[in-house]
Amino acid sequence: MKQNVYFVSGIDTDAGKSYATGYLAREWNKNGKRTITQKFIQTGNVGHSEDIDLHRRIMEIPFTREDQEGLTMPEIFSYPASPHLASRLDHRPIDFDKIKHATEVLSERYDCVLLEGAGGLMVPLTTELLTIEYIAQEKYPLIFVTSGKLGSINHTLLSLEAIQKRDIVLDTVLYNLYPTVEDKTIQDDTMEFIRAWLEKYFPETKFLLVPEIGK
């Protein structure tokens with residue numbers, strides 16, 4: 001596989017990963033990097049990934065040939081839960097070979113692939129495998145989504161320690177400003193705190209703001 005696949009994870013289920021993934025793909029495409037998004041494992045859907053739908057709306061493109069072929073949504077489970085539970089409730093195991101093959105095909109057709117995970121880094125894929133362990137195993141550089149909501153500093157720093165412990169390359173931290181909040185006191189302070197922490201402990205990591213689309 002070409003080294004052009006980036007795994008997208010975040011502090012939790014509500015970090016805005018899908019929003020941020022679509023936004024980054026849109027910006028990379030505008031800058032001449034042909035980028036496709038893939039939903040690693042989708043839960044809570046049947047036959048189609050709602051997260052891919054959101055990506056395409058934000059990217060302002062129609063469904064792609066790869067969407068039609070199922071390459072961007074290789075594993076879909078019906079129950080809205082962590083992959084290990086959703087898989088068990090649907091009575092079938094996650095097909096990691098199918099996911100890996102789909103990612104490889106996308107990486108050959110595009111300059112970059114943004115591979116969005118399900119939930120946060122410690123979400124279990126199976127009883128034996130956490131999301132963060134899959135990222136480390138596949139040696140994917142990580143794009144990590146956080147935000148300015150109350151509690152984000154705690155969740156972010158815990159995640160950064162786990163990333164460092166597993167020698168995962170933290171390519172970019174995306175700071176999600178969506179949805180807009182009226183009182184920006186916590187949001188602004190959290191942004192500065194995380195930015196300063198990265199400068200000290202992850203000096204090679206990029207820090208980017210994800211604005212509300214249209215702003």
# chains A, B, ... in the order shown; residues from 1 in each chain; ligands from 1
call {"tool": "closest_atom_pairs", "arguments": {"of": "stretch 56-101 of chain A", "to": "stretch 3-19 of chain A", "cutoff": "12 Å", "atoms": "only C-alpha atoms", "output": "JSON lines"}}
result
{"residue": "A:Arg56", "atom": "CA", "partner": "A:Tyr19", "partner_atom": "CA", "distance": 10.2}
{"residue": "A:Arg57", "atom": "CA", "partner": "A:Tyr19", "partner_atom": "CA", "distance": 9.7}
{"residue": "A:Ile58", "atom": "CA", "partner": "A:Tyr19", "partner_atom": "CA", "distance": 7.4}
{"residue": "A:Met59", "atom": "CA", "partner": "A:Tyr19", "partner_atom": "CA", "distance": 9.9}
{"residue": "A:Pro80", "atom": "CA", "partner": "A:Thr13", "partner_atom": "CA", "distance": 11.1}
{"residue": "A:Ala81", "atom": "CA", "partner": "A:Thr13", "partner_atom": "CA", "distance": 10.2}
{"residue": "A:Ser82", "atom": "CA", "partner": "A:Thr13", "partner_atom": "CA", "distance": 9.7}
{"residue": "A:Lys100", "atom": "CA", "partner": "A:Val5", "partner_atom": "CA", "distance": 11.1}
call {"tool": "write_last_selection", "arguments": {"atoms": "all heavy atoms", "output": "CSV table (one decimal), in the first residue's frame"}}
result
chain,number,residue,atom,x,y,z
A,56,ARG,N,-19.5,13.5,1.5
A,56,ARG,CA,-19.8,14.0,0.1
A,56,ARG,C,-20.5,15.3,0.1
A,56,ARG,O,-20.2,16.2,-0.7
A,56,ARG,CB,-20.6,13.0,-0.7
A,56,ARG,CG,-19.9,11.6,-0.8
A,56,ARG,CD,-18.6,11.6,-1.5
A,56,ARG,NE,-17.9,10.3,-1.4
A,56,ARG,CZ,-16.9,10.1,-0.5
A,56,ARG,NH1,-16.5,11.1,0.3
A,56,ARG,NH2,-16.3,8.9,-0.5
A,57,ARG,N,-21.4,15.6,1.0
A,57,ARG,CA,-22.1,16.8,1.1
A,57,ARG,C,-21.1,18.0,1.4
A,57,ARG,O,-21.1,19.0,0.8
A,57,ARG,CB,-23.2,16.8,2.2
A,57,ARG,CG,-24.4,16.0,1.7
A,57,ARG,CD,-25.6,16.4,2.6
A,57,ARG,NE,-25.5,16.2,4.0
A,57,ARG,CZ,-25.7,15.0,4.6
A,57,ARG,NH1,-26.1,13.9,3.9
A,57,ARG,NH2,-25.6,14.9,5.9
A,58,ILE,N,-20.2,17.7,2.4
A,58,ILE,CA,-19.3,18.7,2.8
A,58,ILE,C,-18.2,18.9,1.7
A,58,ILE,O,-17.8,20.1,1.4
A,58,ILE,CB,-18.6,18.3,4.1
A,58,ILE,CG1,-19.6,18.4,5.3
A,58,ILE,CG2,-17.4,19.3,4.4
A,58,ILE,CD1,-19.1,17.9,6.6
A,59,MET,N,-17.8,17.8,1.0
A,59,MET,CA,-16.9,17.9,-0.1
A,59,MET,C,-17.5,18.5,-1.3
A,59,MET,O,-16.8,18.9,-2.3
A,59,MET,CB,-16.3,16.5,-0.4
A,59,MET,CG,-15.5,15.9,0.7
A,59,MET,SD,-15.2,14.1,0.5
A,59,MET,CE,-14.0,14.2,-0.9
A,80,PRO,N,-26.4,0.7,16.4
A,80,PRO,CA,-25.5,1.8,16.7
A,80,PRO,C,-24.7,1.6,18.0
A,80,PRO,O,-25.1,2.1,19.0
A,80,PRO,CB,-26.5,3.0,16.8
A,80,PRO,CG,-27.8,2.4,17.3
A,80,PRO,CD,-27.8,1.0,16.7
A,81,ALA,N,-23.6,0.9,17.8
A,81,ALA,CA,-22.7,0.7,19.0
A,81,ALA,C,-21.3,0.5,18.5
A,81,ALA,O,-21.0,0.7,17.4
A,81,ALA,CB,-23.2,-0.7,19.6
A,82,SER,N,-20.4,0.2,19.5
A,82,SER,CA,-19.0,0.0,19.1
A,82,SER,C,-18.9,-1.2,18.2
A,82,SER,O,-19.8,-2.1,18.3
A,82,SER,CB,-18.2,-0.2,20.4
A,82,SER,OG,-18.6,-1.3,21.1
A,100,LYS,N,-9.0,-3.9,4.5
A,100,LYS,CA,-7.7,-3.7,4.1
A,100,LYS,C,-7.6,-3.6,2.5
A,100,LYS,O,-6.9,-2.7,2.0
A,100,LYS,CB,-6.7,-4.8,4.6
A,100,LYS,CG,-5.3,-4.5,4.3
A,100,LYS,CD,-4.7,-3.5,5.3
A,100,LYS,CE,-3.2,-3.3,5.0
A,100,LYS,NZ,-2.4,-4.4,5.4
call {"tool": "residues_around", "arguments": {"residues": "A:Thr172", "least_positions_apart": "5", "cutoff": "10 Å", "atoms": "only C-alpha atoms", "output": "list in words"}}
result
Tyr6, Val8, Pro141, Leu142, Ile143, Phe144, Val145, Phe202, Glu204, Thr205, Lys206, Phe207 and Leu208 of chain A
call {"tool": "residues_around", "arguments": {"residues": "stretch 184-194 of chain A", "least_positions_apart": "6", "cutoff": "8 Å", "atoms": "only C-alpha atoms", "output": "VMD selection string"}}
result
chain A and resid 147 to 150 152 to 153 156 175
call {"tool": "closest_residue", "arguments": {"among": "A:Asp95, A:Leu198, A:Lys39, A:Ile213", "to": "A:Arg26", "atoms": "only C-alpha atoms"}}
result
A:Ile213
call {"tool": "closest_residue", "arguments": {"among": "A:Pro211, A:Asn45, A:Phe40, A:Thr64", "to": "A:Phe96", "atoms": "only C-alpha atoms"}}
result
A:Phe40
call {"tool": "atom_distance", "arguments": {"atom1": "atom CA of A:Lys33", "atom2": "atom CA of A:Glu66"}}
result
17.1 Å
call {"tool": "closest_residue", "arguments": {"among": "A:Asp90, A:Leu174, A:Val105, A:Asp53", "to": "A:Glu69", "atoms": "only C-alpha atoms"}}
result
A:Val105
call {"tool": "select_by_dssp", "arguments": {"residues": "chain A", "states": "helix (DSSP H, G or I)", "output": "VMD selection string"}}
result
chain A and resid 17 to 30 50 to 59 65 to 68 83 to 89 96 to 109 131 to 138 152 to 165 185 to 201
call {"tool": "closest_residue", "arguments": {"among": "A:Ala136, A:Ile168, A:Ile41, A:Val210", "to": "A:Gly119", "atoms": "only C-alpha atoms"}}
result
A:Ile41
call {"tool": "atom_distance", "arguments": {"atom1": "atom CA of A:Gly151", "atom2": "atom CA of A:Tyr178"}}
result
15.9 Å
call {"tool": "atom_distance", "arguments": {"atom1": "atom CA of A:Lys30", "atom2": "atom CA of A:Thr72"}}
result
20.3 Å
